[in-house]
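Each remark here refers to the structure printed beneath this line.
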Amino acid sequence: MNKILEVRGLSKTYGPGCPQCVESTGPEADTNLCPHCGSVVAIHDVSFDLFEGEILGVMGESGSGKSTVVKALYFDQVPSSGEAIFYDSDKQHELFALNAARQRWLRNHRFGMVYQNPNLGLNFNISAGGNIAERLLMSDLMDYGAIRERAKALLARTEVLLSRVDDLPKHFSGGMQQRVQIAKALATQPPLLFLDEVSTGLDLSVQARILDLILEIQQELKTAMVVVTHDLGVIRLLTGRAIVMKYGRVIETGLTDQILEDPQHAYTQRLVASAL
Amino acid sequence: MSYVAIKGGGRAIAAAAAVTEYLRTEEGLVGTAAEPLEINAILHQLRHLVDRVVSEGGVYHPQFAALAIKQSMGDTLEAAFALRAWRSTRPRLAATPPLDTSKMRLIRRISSAFKEIPGGQMLGPTPDYALRLLRLELMDESPEAFRAIAREWLKTCPEPQLPDSFPKVLDALRAEGLLPPVSATRLQEAFDITREPLVFPVPRSAALATMARAETGSLLAIAYSNMRGYGDVHPTVAELRVGYLPVLLPHPVTGELTEAGEVLMTECEVVAMYEADKANDSGGKPMFTVGYGACFGHNEVKAISMAILDRALQKGMRDGAANPSEDPEFVLLHVDGVDSMGFASHYKMPHYVTFQSDLDRLRTTQNKNREIA
Amino acid sequence: MNATPLTQGGNAYNFGFLDEYAKKEVRRAVLKAIAIPGYQVPYASREMPMGRGFGTGGLQLTLALIGPDEVMKVIDQGSDDSVNAVNLRRFIEMTCPGVSTTTKTAECTLIQSRHRIPELPLTSTQIIVLQVPYPDPLVVVEPSEDKRKTMHGEADYSRLLVKLYEDIVKFDEITISHRYPTRINGHYVIDPSPIPRWDVPKLDDSAALILFGAGREKKIYAVPPHTRAEPLAFSDVPFRVEDFRDGAGQRRACARCGSVDSFLDEFVSDSGGKTYQCSDSDWCDGVEASA
């Protein structure tokens, strides 16, 4: 299997930072907050690999830093240190060494992102179809008929009623907004997709259908995905491998099945045991 | 520790008033020809200043507006303030019915929408096409030269050949179905902002009334933001009229509407981008939309700004505000010159007690921090 | 016809009203604009004696370019006689002694225009200066200048194109009437000023240099001669100019000269009826004379 993403030593601290930040925070210290300088060590020394076509889970509770990881990789945030290499057919991109224009190009053409909050991923001032059209137009498709057909096809694939293609997303239910987000993210057929708590907050039945949809798409398109969640059920259903985070550090990695059956770290054990 | 007496405030205020009066009349010290400003001179030679104060003062009394300008030494906010305060002393004796602006005795009337309009384009007195070059010859204008100008113009100006009527440009657009028809059922009572407070959401008439006596610069700034992109109006001036509107009151005996006088006013109607509105009276057909602005006196910038904001606010009230100019609370609560100027000035009043309280909080917090560290 | 040269308290104004450093700055901006077709070059726009919105940007370009042998034409809405044109022409005559003015497009060397490009094709010995209220076509989707600059730099016009898409969905038409966004030389999309769609094709492969001046917004940009100028459209929903056909499908003619090849102004007569006449007064005169 080919590697698509290699992350090494990814770190992000909010605040001035000081020499004692790292040793004063983390799972042993039971905090993200450095008592000496007041900085928040959101993530420290996060490393993992992702292979083509696989789904990697990033699991943790609030404050674990799991969202910060994908925000850094999707260029929503600038990391304090670390490297990430994106392998794209025959090219390698050192993500944090690229200039802003190149980063935006990758975002628009090779990555996809689905946020927990649809306000971040959708433009609420244009229709559902328009949201998808916007992404297609970024990739130089200039035939109105073709854009419309593709937008409709994507919405159909994500089970959004075709009669709603010209409606504004603010009139949709939470579940439908997520579907439009997914359709939009897939519009450019990106090899790498980030999903940040995409089913959290939705009704259980709606969650289940969104997760099924993601699995189907992954099997069809072989998109590599990073799935961020605190929900063990989502990890179990979607991911083949996972990393577990606590207070900004990775405390356990491995095959999802192994982690769930035989967790090594005490924290992971507690997590698994407390799952409903 | 002895009690620190607070004394001398009254004397200070009296002294401040006296030195202000001194400044107003200081010119009398220099040379022997100093004359007090005549009300007539202000009324005629500073007519736009007077019009602005009449409009912001909210009561049509050009003479008292001129007086307010004189006593405030040209401070428009103070002058409007004084006029507004005088208004509060006046009882309301009667109310006119809605007045028809197509009956205006026009001195100026233009449209940017069409080259030719029924009745014609009449430029009237406007600086729009004048060059803003300093007229240095006016530095030393002699009374004789001054008096001769108006006389000469009257001698040489041609016989007026005004058409009988100036139909509204908007009526032509309505007749073609490009504007929604005026709903016959919509003639409700106008909201009276001097008798009712604004409690949002407010009807359109409340917004218009508020803006009609708003401070010109405030309206202009917000309207400008809409023009530049923080908004969506994209207006075309369908019609701008300046003229004298007859004020009709019911005769005390016969009850018949009689002309009691006339007021100079400016009225602007803009046509804005069209939309396909299922809720409007056109049944879903796309139409132009209208913005309306009007104010006392000759003040075109104010009328245009008001028209743009009227359109923006209508949009904001229907669809939710996407920009500050579309937000009724943001616009209507911050454009009244008397309110805003008063509050800005109030910061100069003693705030010793409140500040003492702030000092106490900060000192306590700093001490706590020292203890922790 | 030349008016008395402008003086200020006995001292004559500099030729062209602006001081020489101001003119140099404008010329440098023009050179940069030509070198980067469609790019909005910022410049320190001076206040002029007419209002912002009345053509101060166009005027600064004219005054920086005009020479004593210039033959100047000034039009507004296509007409030499329109108030704005009359006012500007008067000012140019006052501040540029020796310059001649004309209403004939064929005879002029420099044109300043508001909202129209003349019907008669311009030549390589002519320059046209257009007055611009909004230099940036992206202002309709993004109010922040800072963000727009990045979008232009990356040729990221997707949000503007989405607006066209939404128009077609709602109205089955692209509803942009004037100020039609046009891509220059394959990269920058410009706002060609409020010229009607009718005039947009004249930007493409023009023999004359076309300059755009925004005084209030403080930008200068250019479409150099023989440069590609493509109005934004979809490959299956092409760009269309205004439709001058009547209800029976007949192309309307100018009531004065009979031309069926020009942009027509609509007039509402006192009786309520409508007539149509060439917007370009010089063109109308020319067709009428040869008829």
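Chain lettering (A, B, ...) mirrors the order of the structure tokens, residue numbering begins at 1 for each chain separately, and ligand numbering begins at 1 in order of display.
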How close does chain A get to chain C? List, as a Markdown table, each residue of chain A within 12 Å, its nearest atom pair and the distance in Å to one decimal, counting only C-alpha atoms.
| residue | atom | partner | partner_atom | distance |
| --- | --- | --- | --- | --- |
| A:Asn99 | CA | C:Glu154 | CA | 12.0 |
| A:Ala100 | CA | C:Thr150 | CA | 9.7 |
| A:Ala101 | CA | C:Glu154 | CA | 6.8 |
| A:Arg102 | CA | C:Glu154 | CA | 9.5 |
| A:Gln103 | CA | C:Glu154 | CA | 11.4 |
| A:Arg104 | CA | C:Glu154 | CA | 9.1 |
| A:Trp105 | CA | C:Glu154 | CA | 9.0 |
| A:Asn108 | CA | C:Asp156 | CA | 10.5 |
| A:Asn123 | CA | C:Arg159 | CA | 10.0 |
| A:Asn125 | CA | C:Val141 | CA | 10.2 |
| A:Ile126 | CA | C:Glu166 | CA | 7.5 |
| A:Ser127 | CA | C:Glu166 | CA | 7.6 |
| A:Ala128 | CA | C:Glu166 | CA | 10.3 |
| A:Gly129 | CA | C:Glu166 | CA | 8.6 |
| A:Gly130 | CA | C:Val162 | CA | 6.1 |
| A:Asn131 | CA | C:Val162 | CA | 8.0 |
| A:Ile132 | CA | C:Val162 | CA | 9.3 |
| A:Ala133 | CA | C:Val162 | CA | 6.5 |
| A:Glu134 | CA | C:Val162 | CA | 5.5 |
| A:Arg135 | CA | C:Ser158 | CA | 7.4 |
| A:Leu136 | CA | C:Ser158 | CA | 8.4 |
| A:Leu137 | CA | C:Ser158 | CA | 5.4 |
| A:Met138 | CA | C:Ser158 | CA | 5.3 |
| A:Ser139 | CA | C:Ser158 | CA | 8.8 |
| A:Asp140 | CA | C:Ser158 | CA | 8.8 |
| A:Leu141 | CA | C:Phe234 | CA | 9.0 |
| A:Met142 | CA | C:Phe234 | CA | 5.2 |
| A:Asp143 | CA | C:Ser235 | CA | 4.9 |
| A:Tyr144 | CA | C:Phe234 | CA | 5.6 |
| A:Gly145 | CA | C:Asp236 | CA | 6.9 |
| A:Ala146 | CA | C:Asp236 | CA | 9.0 |
| A:Ile147 | CA | C:Tyr165 | CA | 9.0 |
| A:Arg148 | CA | C:Tyr165 | CA | 8.9 |
| A:Ala151 | CA | C:Tyr165 | CA | 11.7 |
| A:Val165 | CA | C:Val169 | CA | 10.0 |
| A:Asp166 | CA | C:Val169 | CA | 7.5 |
| A:Asp167 | CA | C:Lys170 | CA | 10.6 |
| A:Leu168 | CA | C:Glu166 | CA | 11.1 |
Could the residues in this selection be saved with N, CA and C atoms as a compact mmCIF listing (two decimals), in the first residue's frame?
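Output file out-v6.txt is given in full below:
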# COMPACT_ATOMS: atom_id res chain seq x y z
N ASN A 99 3.91 27.83 0.29
CA ASN A 99 3.37 29.18 0.50
C ASN A 99 1.84 29.12 0.52
N ALA A 100 1.22 30.22 0.93
CA ALA A 100 -0.23 30.24 1.13
C ALA A 100 -0.99 29.87 -0.14
N ALA A 101 -0.49 30.31 -1.29
CA ALA A 101 -1.20 30.03 -2.54
C ALA A 101 -1.18 28.53 -2.84
N ARG A 102 -0.04 27.88 -2.64
CA ARG A 102 0.04 26.44 -2.89
C ARG A 102 -0.84 25.68 -1.90
N GLN A 103 -0.83 26.14 -0.65
CA GLN A 103 -1.66 25.48 0.35
C GLN A 103 -3.12 25.55 -0.04
N ARG A 104 -3.54 26.74 -0.52
CA ARG A 104 -4.94 26.89 -0.91
C ARG A 104 -5.26 26.00 -2.11
N TRP A 105 -4.30 25.85 -3.00
CA TRP A 105 -4.53 25.00 -4.16
C TRP A 105 -4.77 23.56 -3.73
N ASN A 108 -8.17 23.16 -2.22
CA ASN A 108 -9.27 23.18 -3.17
C ASN A 108 -9.28 21.98 -4.10
N ASN A 123 -21.36 27.68 2.41
CA ASN A 123 -21.70 29.09 2.26
C ASN A 123 -23.22 29.18 2.36
N ASN A 125 -25.14 31.61 2.06
CA ASN A 125 -25.80 32.61 1.21
C ASN A 125 -26.08 32.11 -0.19
N ILE A 126 -25.60 30.89 -0.51
CA ILE A 126 -25.88 30.36 -1.84
C ILE A 126 -26.52 28.98 -1.69
N SER A 127 -27.16 28.52 -2.76
CA SER A 127 -27.93 27.29 -2.68
C SER A 127 -27.02 26.09 -2.48
N ALA A 128 -27.67 24.93 -2.16
CA ALA A 128 -26.90 23.69 -1.99
C ALA A 128 -26.13 23.39 -3.27
N GLY A 129 -26.84 23.47 -4.39
CA GLY A 129 -26.18 23.24 -5.69
C GLY A 129 -25.07 24.23 -5.93
N GLY A 130 -25.31 25.48 -5.53
CA GLY A 130 -24.30 26.52 -5.70
C GLY A 130 -23.04 26.23 -4.90
N ASN A 131 -23.21 25.67 -3.69
CA ASN A 131 -22.05 25.31 -2.88
C ASN A 131 -21.16 24.32 -3.62
N ILE A 132 -21.81 23.33 -4.24
CA ILE A 132 -21.02 22.34 -4.96
C ILE A 132 -20.44 22.95 -6.23
N ALA A 133 -21.24 23.78 -6.90
CA ALA A 133 -20.76 24.44 -8.11
C ALA A 133 -19.50 25.25 -7.82
N GLU A 134 -19.50 25.91 -6.65
CA GLU A 134 -18.34 26.73 -6.30
C GLU A 134 -17.06 25.91 -6.31
N ARG A 135 -17.14 24.71 -5.74
CA ARG A 135 -15.95 23.87 -5.71
C ARG A 135 -15.57 23.37 -7.10
N LEU A 136 -16.58 23.07 -7.90
CA LEU A 136 -16.30 22.61 -9.26
C LEU A 136 -15.70 23.73 -10.09
N LEU A 137 -16.20 24.97 -9.87
CA LEU A 137 -15.68 26.11 -10.63
C LEU A 137 -14.24 26.39 -10.28
N MET A 138 -13.84 26.05 -9.04
CA MET A 138 -12.44 26.24 -8.67
C MET A 138 -11.55 25.32 -9.47
N SER A 139 -12.11 24.20 -9.95
CA SER A 139 -11.28 23.28 -10.72
C SER A 139 -11.52 23.43 -12.21
N ASP A 140 -11.95 24.64 -12.61
CA ASP A 140 -11.99 25.02 -14.03
C ASP A 140 -13.02 24.31 -14.88
N LEU A 141 -14.03 23.76 -14.29
CA LEU A 141 -15.13 23.22 -15.09
C LEU A 141 -16.00 24.40 -15.51
N MET A 142 -16.23 24.62 -16.79
CA MET A 142 -16.89 25.85 -17.20
C MET A 142 -18.18 25.63 -17.99
N ASP A 143 -18.73 24.44 -17.94
CA ASP A 143 -19.97 24.17 -18.67
C ASP A 143 -21.10 24.14 -17.66
N TYR A 144 -22.03 25.08 -17.78
CA TYR A 144 -23.12 25.20 -16.80
C TYR A 144 -23.90 23.89 -16.68
N GLY A 145 -24.23 23.31 -17.84
CA GLY A 145 -25.02 22.07 -17.82
C GLY A 145 -24.27 20.97 -17.10
N ALA A 146 -22.98 20.86 -17.38
CA ALA A 146 -22.19 19.79 -16.76
C ALA A 146 -22.06 20.02 -15.26
N ILE A 147 -21.87 21.29 -14.87
CA ILE A 147 -21.76 21.59 -13.44
C ILE A 147 -23.05 21.21 -12.74
N ARG A 148 -24.15 21.55 -13.34
CA ARG A 148 -25.45 21.28 -12.72
C ARG A 148 -25.68 19.78 -12.59
N ALA A 151 -23.46 18.43 -9.84
CA ALA A 151 -23.96 18.83 -8.51
C ALA A 151 -25.15 17.97 -8.12
N VAL A 165 -32.14 21.09 -4.49
CA VAL A 165 -30.81 21.48 -4.98
C VAL A 165 -30.63 23.01 -5.02
N ASP A 166 -31.75 23.75 -5.24
CA ASP A 166 -31.63 25.21 -5.34
C ASP A 166 -32.02 25.93 -4.07
N ASP A 167 -32.26 25.17 -3.00
CA ASP A 167 -32.61 25.80 -1.73
C ASP A 167 -31.36 26.21 -0.97
N LEU A 168 -31.54 27.17 -0.07
CA LEU A 168 -30.42 27.60 0.77
C LEU A 168 -30.22 26.62 1.91
Show me, as a ChimeraX atom specification, the residues of chain C whose atoms get within 9 Å of chain B, using only C-alpha atoms for the distance check. /C:8-9,48-51,54,83-84,86-88,91,134,139-144,170-171,265-272
I'd like to know which of B:Ser325, B:Asp319, B:Leu29, B:Met349 is closest to chain A, using only C-alpha atoms. B:Asp319
Here is a test: counting only C-alpha atoms, which residue of A:Ser24, A:Ser274, A:Leu232, A:Cys37 is nearest to chain B?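 Going through A:Ser24, A:Ser274, A:Leu232, A:Cys37 one by one, the smallest distance to chain B is for A:Cys37.
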For chain B, which residues have at least one atom within 12 Å of chain A, if we go by only C-alpha atoms? Write them as an MDAnalysis selection string, please. chainID B and resid 319:322 372:373
Name the residues of segment 53-245 of chain A that come out as alpha helix (DSSP H) in a backbone DSSP run; write them as a PyMOL selection string. chain A and resi 66-73+100-109+118-121+128-138+144-157+174-186+204-221+232-238
Taking C-alpha atoms for each residue, export the selection above as an mmCIF file, in the first residue's frame.
data_model
loop_
_atom_site.group_PDB
_atom_site.id
_atom_site.type_symbol
_atom_site.label_atom_id
_atom_site.label_comp_id
_atom_site.auth_asym_id
_atom_site.auth_seq_id
_atom_site.Cartn_x
_atom_site.Cartn_y
_atom_site.Cartn_z
ATOM 1 C CA LYS A 66 -7.808 15.765 17.967
ATOM 2 C CA SER A 67 -9.476 18.604 16.051
ATOM 3 C CA THR A 68 -6.302 20.674 16.174
ATOM 4 C CA VAL A 69 -4.502 17.904 14.275
ATOM 5 C CA VAL A 70 -6.809 18.092 11.256
ATOM 6 C CA LYS A 71 -7.098 21.864 11.442
ATOM 7 C CA ALA A 72 -3.332 22.067 11.060
ATOM 8 C CA LEU A 73 -3.307 19.605 8.184
ATOM 9 C CA ALA A 100 -0.235 30.238 1.134
ATOM 10 C CA ALA A 101 -1.197 30.026 -2.541
ATOM 11 C CA ARG A 102 0.039 26.440 -2.888
ATOM 12 C CA GLN A 103 -1.657 25.476 0.354
ATOM 13 C CA ARG A 104 -4.936 26.891 -0.911
ATOM 14 C CA TRP A 105 -4.532 25.003 -4.158
ATOM 15 C CA LEU A 106 -4.111 21.723 -2.305
ATOM 16 C CA ARG A 107 -7.136 22.506 -0.146
ATOM 17 C CA ASN A 108 -9.272 23.183 -3.170
ATOM 18 C CA HIS A 109 -8.063 20.391 -5.437
ATOM 19 C CA PRO A 118 -21.826 23.220 8.727
ATOM 20 C CA ASN A 119 -21.352 26.985 9.002
ATOM 21 C CA LEU A 120 -17.656 26.391 8.548
ATOM 22 C CA GLY A 121 -17.955 24.187 5.507
ATOM 23 C CA ALA A 128 -26.898 23.692 -1.992
ATOM 24 C CA GLY A 129 -26.184 23.240 -5.690
ATOM 25 C CA GLY A 130 -24.302 26.524 -5.696
ATOM 26 C CA ASN A 131 -22.053 25.311 -2.884
ATOM 27 C CA ILE A 132 -21.024 22.335 -4.962
ATOM 28 C CA ALA A 133 -20.758 24.441 -8.114
ATOM 29 C CA GLU A 134 -18.342 26.735 -6.299
ATOM 30 C CA ARG A 135 -15.954 23.871 -5.710
ATOM 31 C CA LEU A 136 -16.296 22.614 -9.263
ATOM 32 C CA LEU A 137 -15.684 26.105 -10.633
ATOM 33 C CA MET A 138 -12.444 26.237 -8.667
ATOM 34 C CA TYR A 144 -23.115 25.196 -16.796
ATOM 35 C CA GLY A 145 -25.016 22.075 -17.824
ATOM 36 C CA ALA A 146 -22.185 19.792 -16.764
ATOM 37 C CA ILE A 147 -21.764 21.589 -13.442
ATOM 38 C CA ARG A 148 -25.449 21.278 -12.723
ATOM 39 C CA GLU A 149 -25.518 17.586 -13.599
ATOM 40 C CA ARG A 150 -22.515 16.844 -11.434
ATOM 41 C CA ALA A 151 -23.958 18.834 -8.515
ATOM 42 C CA LYS A 152 -27.221 16.949 -8.783
ATOM 43 C CA ALA A 153 -25.392 13.625 -9.069
ATOM 44 C CA LEU A 154 -23.374 14.348 -5.931
ATOM 45 C CA LEU A 155 -26.443 15.409 -3.992
ATOM 46 C CA ALA A 156 -28.274 12.312 -5.150
ATOM 47 C CA ARG A 157 -25.326 10.207 -4.028
ATOM 48 C CA GLY A 174 -28.629 19.267 10.469
ATOM 49 C CA GLY A 175 -28.349 15.884 8.813
ATOM 50 C CA MET A 176 -29.019 17.298 5.367
ATOM 51 C CA GLN A 177 -26.499 20.084 5.880
ATOM 52 C CA GLN A 178 -23.880 17.433 6.625
ATOM 53 C CA ARG A 179 -24.825 15.581 3.476
ATOM 54 C CA VAL A 180 -24.386 18.737 1.423
ATOM 55 C CA GLN A 181 -21.011 19.251 3.074
ATOM 56 C CA ILE A 182 -19.973 15.736 2.150
ATOM 57 C CA ALA A 183 -21.177 16.192 -1.425
ATOM 58 C CA LYS A 184 -19.240 19.445 -1.620
ATOM 59 C CA ALA A 185 -16.080 17.895 -0.209
ATOM 60 C CA LEU A 186 -16.253 15.065 -2.716
ATOM 61 C CA LEU A 204 -28.859 8.466 16.141
ATOM 62 C CA SER A 205 -30.681 7.237 13.062
ATOM 63 C CA VAL A 206 -29.356 10.166 11.046
ATOM 64 C CA GLN A 207 -25.856 9.481 12.360
ATOM 65 C CA ALA A 208 -26.088 5.898 11.291
ATOM 66 C CA ARG A 209 -27.058 6.834 7.745
ATOM 67 C CA ILE A 210 -24.293 9.411 7.429
ATOM 68 C CA LEU A 211 -21.752 6.857 8.588
ATOM 69 C CA ASP A 212 -23.083 4.263 6.155
ATOM 70 C CA LEU A 213 -22.792 6.839 3.395
ATOM 71 C CA ILE A 214 -19.179 7.572 4.279
ATOM 72 C CA LEU A 215 -18.342 3.860 4.215
ATOM 73 C CA GLU A 216 -19.983 3.365 0.829
ATOM 74 C CA ILE A 217 -18.180 6.346 -0.651
ATOM 75 C CA GLN A 218 -14.892 5.138 0.701
ATOM 76 C CA GLN A 219 -15.398 1.749 -0.859
ATOM 77 C CA GLU A 220 -16.380 3.283 -4.198
ATOM 78 C CA LEU A 221 -13.779 6.010 -4.476
ATOM 79 C CA LEU A 232 -16.172 4.690 19.997
ATOM 80 C CA GLY A 233 -19.045 3.499 17.867
ATOM 81 C CA VAL A 234 -17.865 5.683 14.976
ATOM 82 C CA ILE A 235 -14.298 4.442 15.408
ATOM 83 C CA ARG A 236 -15.465 0.864 15.440
ATOM 84 C CA LEU A 237 -17.653 1.259 12.374
ATOM 85 C CA LEU A 238 -15.454 3.312 10.092
#
Could you tell me which of B:Ala207, B:Leu77, B:Leu248, B:Met306 comes closest to Gly342 of chain B if we count only C-alpha atoms? B:Leu77
Near-Ser279 of chain C list (9 Å; only C-alpha atoms; drop same-chain fewer than 5 positions) as a list in words: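 Here the answer would be Gln77, Gly78, Ser79, Arg116, Ser262, Phe263, Leu264, Asp265 and Cys284 of chain C.
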Let me see the file: selected residues, C-alpha atoms, as a short mmCIF file (atom, residue, chain, number, x, y, z; two decimals), in the first residue's frame.
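The file below, out-v8.cif, is the result:
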data_model
loop_
_atom_site.label_atom_id
_atom_site.label_comp_id
_atom_site.auth_asym_id
_atom_site.auth_seq_id
_atom_site.Cartn_x
_atom_site.Cartn_y
_atom_site.Cartn_z
CA GLN C 77 -23.55 58.30 -21.77
CA GLY C 78 -22.21 58.55 -25.33
CA SER C 79 -23.00 62.23 -25.71
CA ARG C 116 -19.71 54.14 -23.18
CA SER C 262 -25.75 51.08 -32.34
CA PHE C 263 -26.72 51.04 -28.68
CA LEU C 264 -30.06 52.85 -28.35
CA ASP C 265 -31.34 55.11 -25.57
CA CYS C 284 -25.76 59.39 -34.95
#
Could you find all residues in segment 149-250 of chain B that DSSP calls strand (DSSP E or B) from the backbone, and write them as a ChimeraX atom specification? /B:236-250
Deliver the residues from the most recent selection as a file, using N, CA and C atoms, as an mmCIF file, in the first residue's frame.
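And here is the file that came out, out-v8.cif:
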data_model
loop_
_atom_site.group_PDB
_atom_site.id
_atom_site.type_symbol
_atom_site.label_atom_id
_atom_site.label_comp_id
_atom_site.auth_asym_id
_atom_site.auth_seq_id
_atom_site.Cartn_x
_atom_site.Cartn_y
_atom_site.Cartn_z
ATOM 1 N N THR B 236 -30.198 53.076 -8.649
ATOM 2 C CA THR B 236 -30.256 54.108 -9.681
ATOM 3 C C THR B 236 -31.265 55.137 -9.183
ATOM 4 N N VAL B 237 -30.900 56.428 -9.270
ATOM 5 C CA VAL B 237 -31.837 57.462 -8.812
ATOM 6 C C VAL B 237 -32.914 57.622 -9.873
ATOM 7 N N ALA B 238 -34.106 57.137 -9.579
ATOM 8 C CA ALA B 238 -35.208 57.283 -10.532
ATOM 9 C C ALA B 238 -35.641 58.732 -10.593
ATOM 10 N N GLU B 239 -35.664 59.349 -9.406
ATOM 11 C CA GLU B 239 -36.064 60.760 -9.380
ATOM 12 C C GLU B 239 -35.571 61.429 -8.118
ATOM 13 N N LEU B 240 -35.083 62.664 -8.283
ATOM 14 C CA LEU B 240 -34.707 63.504 -7.154
ATOM 15 C C LEU B 240 -35.427 64.823 -7.343
ATOM 16 N N ARG B 241 -36.215 65.220 -6.354
ATOM 17 C CA ARG B 241 -36.954 66.479 -6.455
ATOM 18 C C ARG B 241 -36.618 67.381 -5.282
ATOM 19 N N VAL B 242 -36.474 68.678 -5.579
ATOM 20 C CA VAL B 242 -36.339 69.663 -4.508
ATOM 21 C C VAL B 242 -37.389 70.725 -4.775
ATOM 22 N N GLY B 243 -38.173 71.048 -3.772
ATOM 23 C CA GLY B 243 -39.187 72.071 -4.033
ATOM 24 C C GLY B 243 -40.016 72.337 -2.798
ATOM 25 N N TYR B 244 -41.051 73.115 -2.985
ATOM 26 C CA TYR B 244 -41.912 73.540 -1.882
ATOM 27 C C TYR B 244 -43.189 72.719 -1.886
ATOM 28 N N LEU B 245 -43.413 72.019 -0.777
ATOM 29 C CA LEU B 245 -44.586 71.163 -0.660
ATOM 30 C C LEU B 245 -45.687 71.908 0.095
ATOM 31 N N PRO B 246 -46.874 72.024 -0.502
ATOM 32 C CA PRO B 246 -47.966 72.686 0.215
ATOM 33 C C PRO B 246 -48.379 71.867 1.431
ATOM 34 N N VAL B 247 -48.545 72.587 2.564
ATOM 35 C CA VAL B 247 -48.983 71.931 3.792
ATOM 36 C C VAL B 247 -50.471 72.182 3.941
ATOM 37 N N LEU B 248 -51.228 71.101 3.968
ATOM 38 C CA LEU B 248 -52.679 71.226 3.992
ATOM 39 C C LEU B 248 -53.224 70.914 5.376
ATOM 40 N N LEU B 249 -54.045 71.769 5.862
ATOM 41 C CA LEU B 249 -54.705 71.533 7.148
ATOM 42 C C LEU B 249 -56.206 71.712 6.975
ATOM 43 N N PRO B 250 -56.979 70.992 7.779
ATOM 44 C CA PRO B 250 -58.441 71.168 7.664
ATOM 45 C C PRO B 250 -58.858 72.541 8.192
#
List the spatial neighbours of Arg87 of chain B as a VMD selection string - criterion: any atom at most 12 Å away, only C-alpha atoms, same-chain residues fewer than 6 positions off excluded. chain B and resid 54 56 to 61 64 to 65 80 to 81 194
Could you tell me which of B:Gly255, B:Ala206, B:Glu262, B:Arg84 comes closest to Arg105 of chain B if we count only C-alpha atoms?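 The shortest atom-to-atom distance to Arg105 of chain B comes from B:Glu262.
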For Phe330 of chain B, which of B:Gly291, B:Arg11, B:Leu219, B:Thr365 is the closest residue, counting only C-alpha atoms?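 So, comparing all the options, the nearest one is B:Leu219.
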Which residue is closest to Pro235 of chain B? Choose from B:Ala34, B:Ala12, B:Leu309, B:Ile193 and count only C-alpha atoms.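 Going through B:Ala34, B:Ala12, B:Leu309, B:Ile193 one by one, the smallest distance to Pro235 of chain B is for B:Leu309.
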